file target.tsv (TSV, C-alpha atoms)
chain	number	residue	atom	x	y	z
A	25	MET	CA	-7.25	7.62	-10.69
A	26	THR	CA	-6.91	4.29	-8.97
A	27	LYS	CA	-9.64	1.73	-9.46
A	28	PRO	CA	-11.46	0.43	-6.39
A	29	ARG	CA	-9.45	-1.91	-4.22
A	30	SER	CA	-9.19	-5.64	-4.41
A	31	PHE	CA	-11.51	-7.78	-2.32
A	32	VAL	CA	-11.60	-7.44	1.41
A	33	THR	CA	-12.47	-11.10	1.95
A	34	SER	CA	-9.99	-12.34	4.53
A	35	LEU	CA	-11.25	-14.99	6.88
A	36	LEU	CA	-8.43	-14.51	9.38
A	37	LEU	CA	-9.64	-13.87	12.90
A	38	ALA	CA	-9.06	-10.19	13.59
A	39	GLY	CA	-10.05	-10.29	17.22
A	40	LEU	CA	-13.10	-11.17	19.25
A	41	SER	CA	-15.86	-8.64	19.15
A	42	LEU	CA	-18.59	-8.08	21.70
A	43	GLY	CA	-20.65	-6.19	19.17
A	44	GLY	CA	-22.18	-8.88	16.99
A	45	THR	CA	-21.31	-9.77	13.42
A	46	GLY	CA	-19.17	-6.78	12.49
A	47	ALA	CA	-16.26	-6.28	10.18
A	48	LEU	CA	-14.85	-8.92	7.88
A	49	ALA	CA	-16.94	-11.76	9.27
A	50	ALA	CA	-14.03	-12.53	11.55
A	51	SER	CA	-15.53	-11.96	14.96
A	52	LEU	CA	-17.45	-14.34	17.15
A	53	GLU	CA	-21.15	-13.83	17.60
A	54	SER	CA	-21.72	-12.62	21.13
A	55	SER	CA	-25.06	-10.88	21.08
A	56	ALA	CA	-26.77	-13.43	23.27
A	57	THR	CA	-30.05	-11.50	23.14
A	58	ARG	CA	-30.59	-12.42	19.49
A	59	ALA	CA	-32.94	-15.02	18.06
A	60	ASN	CA	-31.69	-17.95	20.09
A	61	GLY	CA	-32.36	-16.44	23.49
A	62	ASP	CA	-30.39	-14.85	26.30
A	63	ALA	CA	-28.19	-16.67	28.80
A	64	SER	CA	-25.98	-13.67	29.58
A	65	GLY	CA	-25.46	-12.46	33.11
A	66	THR	CA	-25.47	-16.01	34.47
A	67	SER	CA	-22.54	-17.28	36.55
A	68	VAL	CA	-20.11	-19.68	34.92
A	69	GLU	CA	-21.05	-22.33	37.48
A	70	ALA	CA	-24.73	-22.01	36.64
A	71	LEU	CA	-23.99	-21.97	32.92
A	72	THR	CA	-21.90	-25.12	33.23
A	73	THR	CA	-24.69	-26.91	35.07
A	74	ALA	CA	-27.27	-25.86	32.49
A	75	ALA	CA	-24.94	-26.62	29.57
A	76	LYS	CA	-24.25	-30.12	30.85
A	77	ALA	CA	-28.00	-30.59	31.18
A	78	GLY	CA	-28.34	-29.82	27.46
A	79	ASP	CA	-29.45	-26.17	27.45
A	80	ALA	CA	-28.33	-24.81	24.06
A	81	ARG	CA	-28.35	-21.18	25.21
A	82	ALA	CA	-26.12	-22.06	28.12
A	83	GLN	CA	-23.80	-24.09	25.89
A	84	TYR	CA	-23.47	-21.11	23.56
A	85	ALA	CA	-22.85	-18.67	26.41
A	86	LEU	CA	-20.32	-21.01	28.00
A	87	GLY	CA	-18.53	-21.29	24.66
A	88	LEU	CA	-18.27	-17.50	24.56
A	89	ALA	CA	-16.94	-17.42	28.11
A	90	CYS	CA	-14.28	-20.00	27.23
A	91	VAL	CA	-13.12	-18.24	24.08
A	92	GLN	CA	-13.06	-14.82	25.77
A	93	GLY	CA	-11.64	-15.98	29.10
A	94	LYS	CA	-14.46	-14.36	31.06
A	95	GLY	CA	-14.96	-15.96	34.45
A	96	ILE	CA	-13.09	-19.03	33.29
A	97	ALA	CA	-9.68	-19.84	31.85
A	98	ARG	CA	-9.51	-19.16	28.11
A	99	ASP	CA	-9.83	-22.47	26.29
A	100	ASP	CA	-10.56	-22.52	22.56
A	101	ALA	CA	-10.93	-26.30	22.49
A	102	ALA	CA	-13.59	-26.19	25.20
A	103	ALA	CA	-15.28	-23.29	23.39
A	104	ALA	CA	-15.41	-25.33	20.20
A	105	ARG	CA	-16.97	-28.28	22.05
A	106	TRP	CA	-19.67	-26.11	23.62
A	107	PHE	CA	-20.42	-24.31	20.36
A	108	ALA	CA	-20.68	-27.70	18.64
A	109	ALA	CA	-23.09	-28.93	21.30
A	110	ALA	CA	-25.29	-25.85	20.89
A	111	ALA	CA	-25.05	-25.98	17.09
A	112	ALA	CA	-26.21	-29.59	17.14
A	113	GLN	CA	-29.42	-28.28	18.70
A	114	GLY	CA	-29.88	-25.68	15.97
A	115	HIS	CA	-28.25	-22.65	17.62
A	116	ALA	CA	-27.22	-20.52	14.61
A	117	GLN	CA	-24.79	-18.18	16.37
A	118	ALA	CA	-23.00	-21.16	17.90
A	119	ALA	CA	-22.69	-22.77	14.46
A	120	TYR	CA	-21.24	-19.54	13.07
A	121	ASN	CA	-18.73	-19.23	15.92
A	122	LEU	CA	-17.69	-22.84	15.46
A	123	GLY	CA	-17.12	-22.06	11.79
A	124	VAL	CA	-14.90	-19.09	12.68
A	125	LEU	CA	-12.83	-21.24	15.04
A	126	THR	CA	-12.61	-23.98	12.42
A	127	VAL	CA	-11.49	-21.62	9.67
A	128	ASN	CA	-8.75	-20.30	11.92
A	129	GLY	CA	-7.71	-23.62	13.46
A	130	ARG	CA	-8.48	-22.42	16.97
A	131	GLY	CA	-9.39	-25.22	19.33
A	132	VAL	CA	-10.01	-27.51	16.36
A	133	ALA	CA	-8.07	-28.46	13.25
A	134	ARG	CA	-8.42	-25.99	10.39
A	135	ASP	CA	-10.94	-27.52	8.01
A	136	TYR	CA	-12.60	-25.33	5.39
A	137	ALA	CA	-15.02	-28.04	4.31
A	138	ALA	CA	-16.28	-28.45	7.88
A	139	ALA	CA	-16.48	-24.68	8.30
A	140	ARG	CA	-18.61	-24.47	5.16
A	141	LYS	CA	-21.20	-26.79	6.71
A	142	GLN	CA	-21.18	-24.78	9.92
A	143	PHE	CA	-21.65	-21.51	8.06
A	144	GLU	CA	-24.45	-23.07	5.97
A	145	GLN	CA	-26.28	-23.94	9.18
A	146	ALA	CA	-25.98	-20.36	10.42
A	147	ALA	CA	-26.49	-18.47	7.15
A	148	GLY	CA	-30.25	-18.19	7.52
A	149	SER	CA	-29.96	-15.76	10.43
A	150	VAL	CA	-26.31	-14.70	10.64
A	151	PRO	CA	-25.31	-12.45	7.69
A	152	SER	CA	-21.61	-12.95	8.40
A	153	ALA	CA	-22.05	-16.69	7.83
A	154	ALA	CA	-23.51	-16.04	4.39
A	155	TYR	CA	-20.65	-13.65	3.67
A	156	ASN	CA	-18.08	-16.25	4.70
A	157	LEU	CA	-19.71	-18.80	2.42
A	158	GLY	CA	-19.25	-16.30	-0.37
A	159	VAL	CA	-15.57	-16.09	0.49
A	160	LEU	CA	-15.17	-19.87	0.53
A	161	TYR	CA	-16.76	-20.26	-2.90
A	162	ASP	CA	-14.96	-17.19	-4.20
A	163	GLN	CA	-11.54	-18.48	-3.19
A	164	GLY	CA	-12.19	-22.22	-3.56
A	165	LEU	CA	-11.53	-23.02	0.09
A	166	GLY	CA	-12.93	-26.40	1.11
A	167	VAL	CA	-15.06	-26.41	-2.03
A	168	ALA	CA	-14.54	-25.98	-5.76
A	169	ALA	CA	-14.38	-22.31	-6.68
A	170	ASP	CA	-17.76	-21.23	-7.99
A	171	ALA	CA	-18.37	-17.60	-8.95
A	172	ALA	CA	-22.12	-18.08	-9.18
A	173	GLN	CA	-22.33	-19.54	-5.67
A	174	ALA	CA	-20.05	-16.81	-4.34
A	175	LEU	CA	-22.30	-14.17	-5.87
A	176	ALA	CA	-25.40	-15.81	-4.42
A	177	TRP	CA	-24.00	-15.91	-0.89
A	178	TYR	CA	-22.57	-12.40	-1.06
A	179	SER	CA	-25.95	-11.21	-2.30
A	180	LYS	CA	-27.76	-12.91	0.58
A	181	ALA	CA	-25.44	-11.29	3.11
A	182	ALA	CA	-25.64	-7.92	1.38
A	183	ASP	CA	-29.44	-8.01	1.32
A	184	ALA	CA	-29.30	-8.67	5.08
A	185	GLY	CA	-27.21	-5.52	5.55
A	186	HIS	CA	-23.67	-6.92	5.77
A	187	ALA	CA	-21.41	-3.99	4.82
A	188	GLY	CA	-18.48	-6.18	3.78
A	189	ALA	CA	-20.71	-8.15	1.42
A	190	GLN	CA	-22.18	-4.96	0.00
A	191	TYR	CA	-18.67	-3.65	-0.63
A	192	THR	CA	-17.61	-6.91	-2.27
A	193	LEU	CA	-20.65	-6.93	-4.56
A	194	GLY	CA	-19.81	-3.38	-5.55
A	195	GLN	CA	-16.31	-4.54	-6.40
A	196	MET	CA	-17.61	-7.47	-8.46
A	197	TYR	CA	-20.00	-5.31	-10.46
A	198	TYR	CA	-17.42	-2.58	-10.98
A	199	GLU	CA	-14.77	-4.94	-12.31
A	200	GLY	CA	-17.08	-7.51	-13.91
A	201	ILE	CA	-15.97	-10.39	-11.68
A	202	GLY	CA	-18.44	-13.25	-12.05
A	203	VAL	CA	-21.06	-10.84	-13.38
A	204	GLU	CA	-21.40	-8.41	-16.25
A	205	ALA	CA	-19.79	-5.12	-15.26
A	206	ASN	CA	-22.39	-2.57	-14.27
A	207	ASP	CA	-21.29	0.76	-12.82
A	208	ALA	CA	-24.78	1.71	-11.67
A	209	THR	CA	-25.15	-1.50	-9.64
A	210	ALA	CA	-21.63	-1.12	-8.28
A	211	LEU	CA	-22.50	2.41	-7.21
A	212	ARG	CA	-25.62	1.18	-5.42
A	213	TRP	CA	-23.76	-1.46	-3.43
A	214	PHE	CA	-20.83	0.79	-2.61
A	215	GLY	CA	-23.37	3.36	-1.44
A	216	ALA	CA	-25.07	0.85	0.85
A	217	ALA	CA	-21.76	-0.13	2.43
A	218	ALA	CA	-20.55	3.46	2.65
A	219	ALA	CA	-23.72	4.47	4.48
A	220	GLN	CA	-22.65	2.01	7.19
A	221	GLY	CA	-19.22	3.65	7.43
A	222	HIS	CA	-17.28	1.16	5.28
A	223	ARG	CA	-14.22	3.24	4.45
A	224	GLU	CA	-13.10	1.34	1.33
A	225	ALA	CA	-16.61	1.73	-0.09
A	226	GLN	CA	-16.46	5.46	0.69
A	227	TYR	CA	-13.12	5.67	-1.09
A	228	ASN	CA	-14.50	3.80	-4.10
A	229	LEU	CA	-17.47	6.16	-4.31
A	230	GLY	CA	-14.98	8.99	-4.41
A	231	VAL	CA	-13.17	7.32	-7.31
A	232	MET	CA	-16.42	6.76	-9.21
A	233	ALA	CA	-17.59	10.33	-8.65
A	234	TYR	CA	-14.22	11.66	-9.76
A	235	VAL	CA	-14.04	9.69	-13.01
A	236	GLY	CA	-17.79	9.71	-13.70
A	237	ALA	CA	-18.47	5.99	-13.45
A	238	GLY	CA	-22.16	5.20	-12.95
A	239	MET	CA	-22.84	8.91	-12.50
A	240	ALA	CA	-21.85	12.25	-13.94
A	241	ALA	CA	-18.36	13.26	-12.84
A	242	ASP	CA	-18.63	15.49	-9.77
A	243	PHE	CA	-15.46	16.65	-8.02
A	244	LYS	CA	-17.36	17.99	-5.02
A	245	VAL	CA	-19.05	14.65	-4.41
A	246	ALA	CA	-15.71	12.91	-4.90
A	247	ALA	CA	-14.04	15.18	-2.35
A	248	ASP	CA	-16.85	14.58	0.16
A	249	TRP	CA	-16.45	10.80	-0.10
A	250	TYR	CA	-12.67	10.99	0.02
A	251	ARG	CA	-12.96	13.07	3.19
A	252	LYS	CA	-15.19	10.50	4.87
A	253	ALA	CA	-12.75	7.71	4.05
A	254	ALA	CA	-9.68	9.79	4.91
A	255	GLU	CA	-11.13	10.70	8.29
A	256	GLN	CA	-11.22	6.95	8.98
A	257	GLY	CA	-7.54	6.63	8.09
A	258	ASP	CA	-7.67	5.60	4.44
A	259	PRO	CA	-4.31	6.69	2.94
A	260	LEU	CA	-5.44	6.63	-0.71
A	261	ALA	CA	-8.40	8.84	0.11
A	262	ALA	CA	-6.16	11.19	2.08
A	263	PHE	CA	-3.74	11.41	-0.84
A	264	ASN	CA	-6.50	12.11	-3.35
A	265	LEU	CA	-8.05	14.73	-1.07
A	266	GLY	CA	-4.67	16.41	-0.65
A	267	ARG	CA	-4.27	16.53	-4.41
A	268	MET	CA	-7.75	18.00	-4.86
A	269	TYR	CA	-7.04	20.75	-2.33
A	270	HIS	CA	-3.82	21.61	-4.17
A	271	LEU	CA	-5.60	21.75	-7.54
A	272	GLY	CA	-8.84	23.27	-6.26
A	273	GLU	CA	-10.96	20.40	-7.58
A	274	GLY	CA	-14.34	20.24	-5.85
A	275	VAL	CA	-12.99	22.33	-2.97
A	276	MET	CA	-11.50	25.79	-2.56
A	277	ARG	CA	-7.79	25.66	-3.36
A	278	ASP	CA	-5.98	25.45	-0.03
A	279	ASP	CA	-2.36	24.34	0.21
A	280	ILE	CA	-2.49	24.18	4.01
A	281	GLN	CA	-5.26	21.59	3.74
A	282	SER	CA	-3.34	19.89	0.94
A	283	VAL	CA	-0.28	19.52	3.16
A	284	TYR	CA	-2.43	18.26	6.03
A	285	TRP	CA	-3.93	15.43	3.96
A	286	TYR	CA	-0.65	14.57	2.25
A	287	ARG	CA	0.85	14.20	5.73
A	288	GLN	CA	-1.92	11.82	6.76
A	289	ALA	CA	-1.20	9.61	3.74
A	290	ALA	CA	2.57	9.95	3.98
A	291	GLY	CA	2.40	8.82	7.61
A	292	THR	CA	1.47	5.36	6.33
A	293	GLY	CA	4.52	5.24	4.07
A	294	ASP	CA	2.60	5.94	0.86
A	295	ALA	CA	5.28	6.75	-1.75
A	296	PHE	CA	3.08	9.08	-3.81
A	297	ALA	CA	2.13	11.10	-0.74
A	298	LEU	CA	5.76	11.30	0.39
A	299	ASN	CA	6.73	12.59	-3.06
A	300	ASN	CA	3.93	15.18	-3.22
A	301	LEU	CA	4.63	16.33	0.32
A	302	GLY	CA	8.26	16.75	-0.68
A	303	PHE	CA	7.12	18.93	-3.60
A	304	MET	CA	5.03	21.09	-1.25
A	305	VAL	CA	7.87	21.43	1.27
A	306	PHE	CA	10.45	22.31	-1.38
A	307	ASN	CA	8.25	24.98	-2.92
A	308	GLY	CA	6.94	26.39	0.36
A	309	LEU	CA	3.32	25.61	-0.46
A	310	GLY	CA	1.16	25.46	2.64
A	311	LEU	CA	4.20	25.61	4.92
A	312	ALA	CA	7.68	27.11	5.07
A	313	ALA	CA	10.09	25.97	2.38
A	314	ASP	CA	12.77	23.60	3.67
A	315	PRO	CA	15.04	21.96	1.07
A	316	ALA	CA	16.57	19.53	3.58
A	317	ARG	CA	13.14	18.22	4.63
A	318	ALA	CA	12.11	18.00	0.99
A	319	TYR	CA	15.29	16.04	0.29
A	320	ALA	CA	14.40	13.62	3.10
A	321	LEU	CA	10.85	13.17	1.81
A	322	PHE	CA	12.01	12.57	-1.76
A	323	THR	CA	14.55	10.05	-0.47
A	324	LEU	CA	11.89	8.12	1.42
A	325	ALA	CA	9.55	8.20	-1.59
A	326	ALA	CA	12.27	7.06	-3.99
A	327	ALA	CA	13.22	4.20	-1.67
A	328	ARG	CA	9.58	3.09	-1.86
A	329	GLY	CA	9.59	3.04	-5.65
A	330	ASN	CA	8.42	6.50	-6.67
A	331	ALA	CA	10.28	7.38	-9.87
A	332	ASN	CA	9.40	11.08	-9.77
A	333	ALA	CA	11.01	11.36	-6.35
A	334	GLY	CA	14.20	9.83	-7.72
A	335	LYS	CA	14.29	12.42	-10.50
A	336	ALA	CA	13.67	15.21	-8.00
A	337	LEU	CA	16.60	14.01	-5.90
A	338	GLU	CA	18.91	14.13	-8.91
A	339	LEU	CA	18.03	17.79	-9.39
A	340	LEU	CA	17.91	18.76	-5.71
A	341	ARG	CA	20.99	17.19	-4.19
A	342	PRO	CA	23.57	19.30	-6.12
A	343	GLN	CA	21.80	22.42	-4.81
A	344	LEU	CA	22.24	21.48	-1.15
A	345	GLY	CA	25.17	22.24	1.08
A	346	ASN	CA	26.84	19.56	3.17
A	347	GLU	CA	25.00	20.63	6.34
A	348	GLU	CA	21.62	20.44	4.59
A	349	VAL	CA	22.42	16.99	3.20
A	350	ALA	CA	23.53	15.83	6.65
A	351	ARG	CA	20.32	17.16	8.24
A	352	GLY	CA	18.26	15.56	5.49
A	353	ASP	CA	20.01	12.21	5.94
A	354	GLY	CA	19.31	12.40	9.67
A	355	LEU	CA	15.63	12.99	8.99
A	356	VAL	CA	15.60	10.06	6.58
A	357	ARG	CA	16.92	7.74	9.28
A	358	GLU	CA	14.51	9.10	11.89
A	359	TRP	CA	11.42	9.02	9.68
A	360	ASP	CA	12.24	5.69	8.06
A	361	ALA	CA	12.61	4.05	11.47
A	362	ALA	CA	9.25	5.48	12.55
A	363	LEU	CA	7.50	4.28	9.40
A	364	LYS	CA	8.94	0.80	9.75
A	365	ALA	CA	7.69	0.74	13.34
A	366	GLY	CA	4.20	1.64	12.15
A	367	LEU	CA	4.39	5.19	13.51
A	368	ALA	CA	3.56	8.43	11.69
A	369	PRO	CA	6.62	10.71	11.66
A	370	ALA	CA	6.36	14.46	12.33
A	371	PHE	CA	7.13	15.42	8.74
call {"tool": "encode", "arguments": {"input": "target.tsv", "output": "structure tokens"}}
result
Amino acid sequence: MTKPRSFVTSLLLAGLSLGGTGALAASLESSATRANGDASGTSVEALTTAAKAGDARAQYALGLACVQGKGIARDDAAAARWFAAAAAQGHAQAAYNLGVLTVNGRGVARDYAAARKQFEQAAGSVPSAAYNLGVLYDQGLGVAADAAQALAWYSKAADAGHAGAQYTLGQMYYEGIGVEANDATALRWFGAAAAQGHREAQYNLGVMAYVGAGMAADFKVAADWYRKAAEQGDPLAAFNLGRMYHLGEGVMRDDIQSVYWYRQAAGTGDAFALNNLGFMVFNGLGLAADPARAYALFTLAAARGNANAGKALELLRPQLGNEEVARGDGLVREWDAALKAGLAPAF
């Protein structure tokens, strides 16, 4: 089984969120009703007047309006100036947002050292700021890499309920990165993140339950966690769940369900899922046998590096007639184009 994934520690801005400090510490704080007061619902004109008069809440709210283009032309540089003005008065969310803009070079020059100071100002009340400090120390961005500091900041964010930090701590304890490996502690942090819907943490709990890391091996528990992650679109979880349905591990053996989950994973271009789906299609397991479709699936899997699919093609192709090969080649072109466009083909 595959070990848990590598870190999910990207600082790249993944879009502006109106829901607070959510995923990947990449969104701007916009819950204006938090500790620093509420200036929402006020007109841009009134906000501008109050901001110019030195009202930190108004400066923060005006920064949000500028970065989101709400009631005013979108202007990251103006947003950065207003966030900086509010941060200078101790507004933590404004300091965090300025750090996000600074990390991404939006409205200001990218400067990791400056962002670190901004996140430090916010870290007392914004868990995502503490998480981002962990990332900076972890990756040596704007500061010398320091595993102990990274662990301390991740721990602070995790204790405050940040799912990404909880997941990252689980990863560190599982693999022994900066700490002594401890499966039980990894399990606890993955569990905390998974309870908040973190799909990679759910997948990792499935792995640990399957192999018996930090707990007695339990295929049923593994299947339950894989299902949760797969239902959120995790291709590795979908593949593993498909395999478990085919083998009857932790679930009743059901090739129809196996094909369903293999299709979910194969729709992302996963070579192992494409190969296994080809096996199911060739043998008529969970659906009607179709050698031409199996040929197409093996071809796609082999092109993505799956050696077993290449061997299957060597055995299968001589058994196919010219019409079946032609139909299979047509499916390869159709499905490959869809996968490259980010679409899930109708396998």
call {"tool": "residues_around", "arguments": {"input": "target.tsv", "residues": "Trp359 of chain A", "least_positions_apart": "5", "cutoff": "9 Å", "atoms": "all atoms listed in the file", "output": "list in words"}}
result
Ala320, Leu321, Leu324, Gly354, Lys364, Leu367, Ala368, Pro369, Ala370 and Phe371 of chain A
call {"tool": "closest_residue", "arguments": {"input": "target.tsv", "among": "A:Phe143, A:Phe243, A:Tyr161, A:Phe306", "to": "Val275 of chain A", "atoms": "only C-alpha atoms"}}
result
A:Phe243
call {"tool": "closest_residue", "arguments": {"input": "target.tsv", "among": "A:Asp353, A:Asp79, A:Glu255, A:Asp242", "to": "Arg317 of chain A", "atoms": "all atoms listed in the file"}}
result
A:Asp353
call {"tool": "residues_near_point", "arguments": {"input": "target.tsv", "point": "(4.5, 15.7, 0.8)", "cutoff": "8 Å", "atoms": "all atoms listed in the file", "output": "ChimeraX atom specification"}}
result
/A:283,286-287,290,297-305,318,321
call {"tool": "residues_around", "arguments": {"input": "target.tsv", "residues": "Gly334 of chain A", "least_positions_apart": "3", "cutoff": "8 Å", "atoms": "all atoms listed in the file", "output": "count of residues only"}}
result
8
call {"tool": "atom_distance", "arguments": {"input": "target.tsv", "atom1": "atom CA of Trp249 of chain A", "atom2": "atom CA of Leu363 of chain A"}}
result
26.6 Å
call {"tool": "residues_around", "arguments": {"input": "target.tsv", "residues": "segment 105-122 of chain A", "least_positions_apart": "4", "cutoff": "7 Å", "atoms": "only C-alpha atoms", "output": "CSV table (one decimal) with C-alpha atoms, in the coordinates of the input"}}
result
chain,number,residue,atom,x,y,z
A,52,LEU,CA,-17.4,-14.3,17.2
A,53,GLU,CA,-21.2,-13.8,17.6
A,60,ASN,CA,-31.7,-18.0,20.1
A,80,ALA,CA,-28.3,-24.8,24.1
A,83,GLN,CA,-23.8,-24.1,25.9
A,84,TYR,CA,-23.5,-21.1,23.6
A,86,LEU,CA,-20.3,-21.0,28.0
A,87,GLY,CA,-18.5,-21.3,24.7
A,101,ALA,CA,-10.9,-26.3,22.5
A,126,THR,CA,-12.6,-24.0,12.4
A,142,GLN,CA,-21.2,-24.8,9.9
A,143,PHE,CA,-21.6,-21.5,8.1
A,145,GLN,CA,-26.3,-23.9,9.2
A,146,ALA,CA,-26.0,-20.4,10.4
A,149,SER,CA,-30.0,-15.8,10.4
A,150,VAL,CA,-26.3,-14.7,10.6
A,153,ALA,CA,-22.0,-16.7,7.8
call {"tool": "residues_around", "arguments": {"input": "target.tsv", "residues": "segment 206-211 of chain A", "least_positions_apart": "5", "cutoff": "9 Å", "atoms": "only C-alpha atoms", "output": "PyMOL selection string"}}
result
chain A and resi 191+193-200+216+228-229+232+237-239
call {"tool": "closest_residue", "arguments": {"input": "target.tsv", "among": "A:Ala365, A:Leu165, A:Val159, A:Leu311", "to": "Asp135 of chain A", "atoms": "only C-alpha atoms"}}
result
A:Leu165
call {"tool": "atom_distance", "arguments": {"input": "target.tsv", "atom1": "atom CA of Gly366 of chain A", "atom2": "atom CA of Gly257 of chain A"}}
result
13.4 Å
call {"tool": "closest_residue", "arguments": {"input": "target.tsv", "among": "A:Leu157, A:Ile96, A:Val245, A:Gln281", "to": "Ala169 of chain A", "atoms": "all atoms listed in the file"}}
result
A:Leu157
call {"tool": "residues_near_point", "arguments": {"input": "target.tsv", "point": "(-10.4, -21.5, 16.2)", "cutoff": "10 Å", "atoms": "only C-alpha atoms", "output": "list in words"}}
result
Leu36, Leu37, Val91, Asp100, Ala101, Ala103, Ala104, Asn121, Leu122, Gly123, Val124, Leu125, Thr126, Val127, Asn128, Gly129, Arg130, Gly131, Val132, Ala133 and Arg134 of chain A
call {"tool": "atom_distance", "arguments": {"input": "target.tsv", "atom1": "atom CA of Thr192 of chain A", "atom2": "atom CA of Gln256 of chain A"}}
result
19.0 Å
